[in-house]
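Okay, so here's the structure we're looking at.
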Amino acid sequence: MYDLLIKNGKVVDGSGLPAYRADVAVQDGRIVRIGHIKDGARRVVDAAGKVVAPGFIDPHTHFDAQLLWDGFAKPALEHGVTTIVPGNCSLSLAPLREEHRMKLVGMFNQIEEMPLKAFKEGVVWDWESFAGYIARIRKGLAINVAPLVGHSVLRLWVMRQAAMERPATQGEVAEMQSLLRECLDAGAIGLSTSYVDMDERLQPVPSRYADAAEIDALASVLGEYGRMLQIVPEFYDADLTIARLDQLAELSLRHNIPTTFSPLFVNADNLEAVNRVMRRVDEQFARGARVWPQVQTRPIDISFCFAVPSLLFIRLPSWYRIMRFGTPDEVIAAFREPDSRARLIAEGAAYTGLWPALTLRHVKTEANRTLVGKTLGEIAQLRGVTPIEAMIDLSIEEDLDAHFLSAAMGHNIDAEVGRLLAHPRVHIGASDGGAHILSFSTYGDTGYLLGHFVRDLKMMSLEAAVKKVTSDTASIWGIPDRGLLQPNYVADIVVFDPVLIDRGVEDYVGDVPGDGSRYVRDSRGVDQVFVGGALAWSAGGGYQDAHGEVLPGEILAGIAA
């Protein structure tokens, strides 16, 4: 008798080959048979009318802290994601000396917009080494984790204060190489670095002080293991992005490693820039390099309130400064005081096209509840003020708990996005799950891919789309025994309704320590998600403690990719 039998489903096995009708049998956490199966099982799932696919793999997340209090990495599982890659953008929670904990928390707060209270109330700091962090998150883990180690924390560990001041000496680079080997031996799937991010003082993060020799030396260690190098390039500038792409290509060729850069954003203003970047990607692949761009499937929805800093305001210095360094009372005072208010409005005039299009998405007072869902342009007209004044006034009235939404991508560029997603050298990532919990709308990428681009627009076949987020990603990252529905592969499986699957509706939920609330997208059309053959989430039962105290998630260190 099998442990699990999924019957009557449309199997999309992750290979890209045509779907077929079959049953899938699971024993001891692995797929043992696919076909017409008459034998019984302890758990039988009737998947008639549904798709049975490998669990999805998300290569760009920031669940590093959340995994300490939530081994399910909500809401990843309910979107069919069974493997996540945290530790991106040069930031990981290890290796980390006690003296640098608050420094790292500040960077997570600045770069990923993660509340300080979440760290204060949700994190018990009882590790320093990467191995210690892995041992810590392994407890109660219901999702697979393939963690990157952050370059910025390697520099902090070896160089301390000097990490934020200068390039490393040869001796310090050698120490970083040894430390990186320890992390890779402990389970890191690769190294992440950043060329754009800023710390809590609005100064460059430590990785940005590294010179080319330091990057090359660390890449040589990755070459010993065949592991991934992830970078955040200067994505706002096509020329700089291409220069970083070329640098990655040389590292890939010299050390025989896979590399990836994220994000490659697509919007109506940068289509030619994206085309230039992709032409260079093709040229570098033709040379034998592996330089994989990561692209989001979903519109880049940015939500913000003035209680926490938002990267939407990074190019408005007065606004960002008061959000970043001011207390809530100081922010409200700046909005009320006539001269300060006038300066903010004058500076905001540079983005006159932005403010009217912002949507009010959340308030806490009954008086403004009827305005939720309206644009600031509509609210301004009702109140007889300008849109930017309406935003300021609502923020004052709601004690900074008025939340606004900016949707940066529109349906007018769907064709361009779909073409890019179908490109054989694009892999789908940059969900940023676990970060921007009051800002960027997190998750819904897979649902948007399968619902919008596959079902509605028919810009990609179901088989090709599933391959993108399963076996392609597993192959690129060197994740073994996952990404395909085949005998002997680990039974990470998602069952979904191809008619209903979509990105879901965004909601404001309370599951963050200290802060209490965040924006997430619910799941639409996903029925069941199995990790290692164990039911981890279902539409009817929610998150499942399938094995009692022993949950099915694993740390996936990867193999030479």
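In the structure tokens, each chain is lettered A, B, ... as it comes, each chain's residues begin at 1, and ligands are numbered from 1 in order of appearance.
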query: Leaving out region 399-407 of chain A and any residue of its chain fewer than 4 positions from it, which residues lie within 9 Å of it when counting only C-alpha atoms, given as a ChimeraX atom specification?
result: /A:299-307,312,328-329,331-332,354-355,357-364,375-376,391,394-395,438-439
message: Residues within 9 Å of Gly187 (chain A), please, as a PyMOL selection string. Count only C-alpha atoms; anything in the same chain fewer than 5 positions from it doesn't count.
response: chain A and resi 130-131+134+146-148+182+555-558
- prompt: Quick one: distance from CA of Pro206 (chain A) to CA of Ala163 (chain A) in Å, one decimal?
  reply: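 For CA of Pro206 (chain A) relative to CA of Ala163 (chain A), the distance reads 5.3 Å.
When only C-alpha atoms are used to compute distances to Val526 (chain A), the closest of the residues A:Gly55, A:Gly353, A:Gly140, A:Gly16 turns out to be A:Gly55.
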- prompt: Could you pull out all residues of region 305-367 of chain A with a DSSP call of helix (DSSP H, G or I) and give them as a PyMOL selection string?
  reply: chain A and resi 311-313+317-325+328-336+338-351+355-357
Please write the residues from the selection above to a file, keeping N, CA and C atoms, as an mmCIF file, in the first residue's frame.
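So part_36.cif came out as:
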```cif
data_model
loop_
_atom_site.group_PDB
_atom_site.id
_atom_site.type_symbol
_atom_site.label_atom_id
_atom_site.label_comp_id
_atom_site.auth_asym_id
_atom_site.auth_seq_id
_atom_site.Cartn_x
_atom_site.Cartn_y
_atom_site.Cartn_z
ATOM 1 N N LEU A 311 10.691 52.418 -0.473
ATOM 2 C CA LEU A 311 11.646 52.691 -1.544
ATOM 3 C C LEU A 311 11.027 53.495 -2.679
ATOM 4 N N LEU A 312 9.702 53.604 -2.692
ATOM 5 C CA LEU A 312 9.052 54.438 -3.700
ATOM 6 C C LEU A 312 9.524 55.889 -3.591
ATOM 7 N N PHE A 313 9.971 56.299 -2.381
ATOM 8 C CA PHE A 313 10.335 57.694 -2.139
ATOM 9 C C PHE A 313 11.844 57.911 -2.127
ATOM 10 N N PRO A 317 14.424 63.132 -1.521
ATOM 11 C CA PRO A 317 15.234 63.113 -0.295
ATOM 12 C C PRO A 317 14.505 63.583 0.961
ATOM 13 N N SER A 318 13.729 64.652 0.866
ATOM 14 C CA SER A 318 13.060 65.166 2.065
ATOM 15 C C SER A 318 12.010 64.189 2.567
ATOM 16 N N TRP A 319 11.261 63.608 1.658
ATOM 17 C CA TRP A 319 10.259 62.614 2.032
ATOM 18 C C TRP A 319 10.914 61.384 2.645
ATOM 19 N N TYR A 320 11.928 60.875 1.961
ATOM 20 C CA TYR A 320 12.543 59.636 2.435
ATOM 21 C C TYR A 320 13.249 59.851 3.775
ATOM 22 N N ARG A 321 13.870 61.025 3.936
ATOM 23 C CA ARG A 321 14.585 61.300 5.184
ATOM 24 C C ARG A 321 13.628 61.304 6.371
ATOM 25 N N ILE A 322 12.485 61.948 6.215
ATOM 26 C CA ILE A 322 11.546 61.999 7.339
ATOM 27 C C ILE A 322 10.932 60.632 7.597
ATOM 28 N N MET A 323 10.694 59.842 6.533
ATOM 29 C CA MET A 323 10.166 58.490 6.724
ATOM 30 C C MET A 323 11.206 57.585 7.373
ATOM 31 N N ARG A 324 12.471 57.770 6.970
ATOM 32 C CA ARG A 324 13.523 56.856 7.435
ATOM 33 C C ARG A 324 13.956 57.167 8.849
ATOM 34 N N PHE A 325 14.076 58.442 9.180
ATOM 35 C CA PHE A 325 14.661 58.807 10.462
ATOM 36 C C PHE A 325 13.692 59.467 11.433
ATOM 37 N N PRO A 328 6.957 58.655 14.295
ATOM 38 C CA PRO A 328 5.607 58.947 13.775
ATOM 39 C C PRO A 328 5.132 60.353 14.118
ATOM 40 N N ASP A 329 5.418 60.805 15.335
ATOM 41 C CA ASP A 329 5.003 62.166 15.712
ATOM 42 C C ASP A 329 5.734 63.206 14.864
ATOM 43 N N GLU A 330 6.992 62.956 14.566
ATOM 44 C CA GLU A 330 7.757 63.900 13.753
ATOM 45 C C GLU A 330 7.272 63.920 12.308
ATOM 46 N N VAL A 331 6.867 62.766 11.789
ATOM 47 C CA VAL A 331 6.321 62.717 10.434
ATOM 48 C C VAL A 331 5.030 63.525 10.366
ATOM 49 N N ILE A 332 4.145 63.311 11.334
ATOM 50 C CA ILE A 332 2.876 64.041 11.348
ATOM 51 C C ILE A 332 3.128 65.539 11.511
ATOM 52 N N ALA A 333 4.092 65.893 12.358
ATOM 53 C CA ALA A 333 4.422 67.311 12.552
ATOM 54 C C ALA A 333 4.920 67.927 11.247
ATOM 55 N N ALA A 334 5.754 67.181 10.504
ATOM 56 C CA ALA A 334 6.267 67.680 9.224
ATOM 57 C C ALA A 334 5.136 67.861 8.219
ATOM 58 N N PHE A 335 4.126 67.004 8.269
ATOM 59 C CA PHE A 335 2.984 67.126 7.371
ATOM 60 C C PHE A 335 2.099 68.319 7.745
ATOM 61 N N ARG A 336 2.059 68.654 9.027
ATOM 62 C CA ARG A 336 1.158 69.723 9.487
ATOM 63 C C ARG A 336 1.801 71.109 9.414
ATOM 64 N N PRO A 338 3.255 74.359 8.236
ATOM 65 C CA PRO A 338 3.054 74.935 6.895
ATOM 66 C C PRO A 338 4.308 74.981 6.021
ATOM 67 N N ASP A 339 5.450 75.446 6.577
ATOM 68 C CA ASP A 339 6.652 75.551 5.749
ATOM 69 C C ASP A 339 7.166 74.174 5.342
ATOM 70 N N SER A 340 7.186 73.235 6.297
ATOM 71 C CA SER A 340 7.640 71.878 5.996
ATOM 72 C C SER A 340 6.717 71.228 4.979
ATOM 73 N N ARG A 341 5.428 71.389 5.166
ATOM 74 C CA ARG A 341 4.449 70.821 4.236
ATOM 75 C C ARG A 341 4.649 71.383 2.827
ATOM 76 N N ALA A 342 4.882 72.677 2.746
ATOM 77 C CA ALA A 342 5.078 73.313 1.443
ATOM 78 C C ALA A 342 6.327 72.771 0.755
ATOM 79 N N ARG A 343 7.408 72.554 1.519
ATOM 80 C CA ARG A 343 8.635 72.014 0.932
ATOM 81 C C ARG A 343 8.413 70.595 0.404
ATOM 82 N N LEU A 344 7.699 69.790 1.162
ATOM 83 C CA LEU A 344 7.426 68.419 0.727
ATOM 84 C C LEU A 344 6.585 68.409 -0.545
ATOM 85 N N ILE A 345 5.568 69.262 -0.586
ATOM 86 C CA ILE A 345 4.705 69.320 -1.766
ATOM 87 C C ILE A 345 5.498 69.786 -2.978
ATOM 88 N N ALA A 346 6.373 70.774 -2.782
ATOM 89 C CA ALA A 346 7.182 71.282 -3.900
ATOM 90 C C ALA A 346 8.122 70.199 -4.414
ATOM 91 N N GLU A 347 8.752 69.455 -3.511
ATOM 92 C CA GLU A 347 9.647 68.382 -3.949
ATOM 93 C C GLU A 347 8.873 67.279 -4.660
ATOM 94 N N GLY A 348 7.667 66.980 -4.176
ATOM 95 C CA GLY A 348 6.845 65.941 -4.789
ATOM 96 C C GLY A 348 6.296 66.315 -6.148
ATOM 97 N N ALA A 349 6.398 67.608 -6.510
ATOM 98 C CA ALA A 349 5.878 68.049 -7.802
ATOM 99 C C ALA A 349 6.614 67.402 -8.968
ATOM 100 N N ALA A 350 7.805 66.863 -8.700
ATOM 101 C CA ALA A 350 8.556 66.197 -9.763
ATOM 102 C C ALA A 350 7.863 64.934 -10.249
ATOM 103 N N TYR A 351 6.926 64.426 -9.454
ATOM 104 C CA TYR A 351 6.222 63.188 -9.804
ATOM 105 C C TYR A 351 4.717 63.431 -9.868
ATOM 106 N N TRP A 355 0.964 60.776 -8.193
ATOM 107 C CA TRP A 355 0.037 60.915 -7.076
ATOM 108 C C TRP A 355 -1.425 60.671 -7.448
ATOM 109 N N PRO A 356 -1.952 61.221 -8.564
ATOM 110 C CA PRO A 356 -3.379 60.994 -8.853
ATOM 111 C C PRO A 356 -3.734 59.524 -9.053
ATOM 112 N N ALA A 357 -2.754 58.714 -9.495
ATOM 113 C CA ALA A 357 -3.032 57.313 -9.808
ATOM 114 C C ALA A 357 -2.953 56.400 -8.592
#
```
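Here CA of Gly451 (chain A) and CA of Asp64 (chain A) stand 28.8 Å from one another.
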- line: Between A:Ala249, A:Leu154, A:Ile84, A:Leu96, smallest distance to Glu172 (chain A) by only C-alpha atoms belongs to A:Leu154
statement: CA of Leu551 (chain A) sits from CA of Gly9 (chain A) at a separation of 25.9 Å
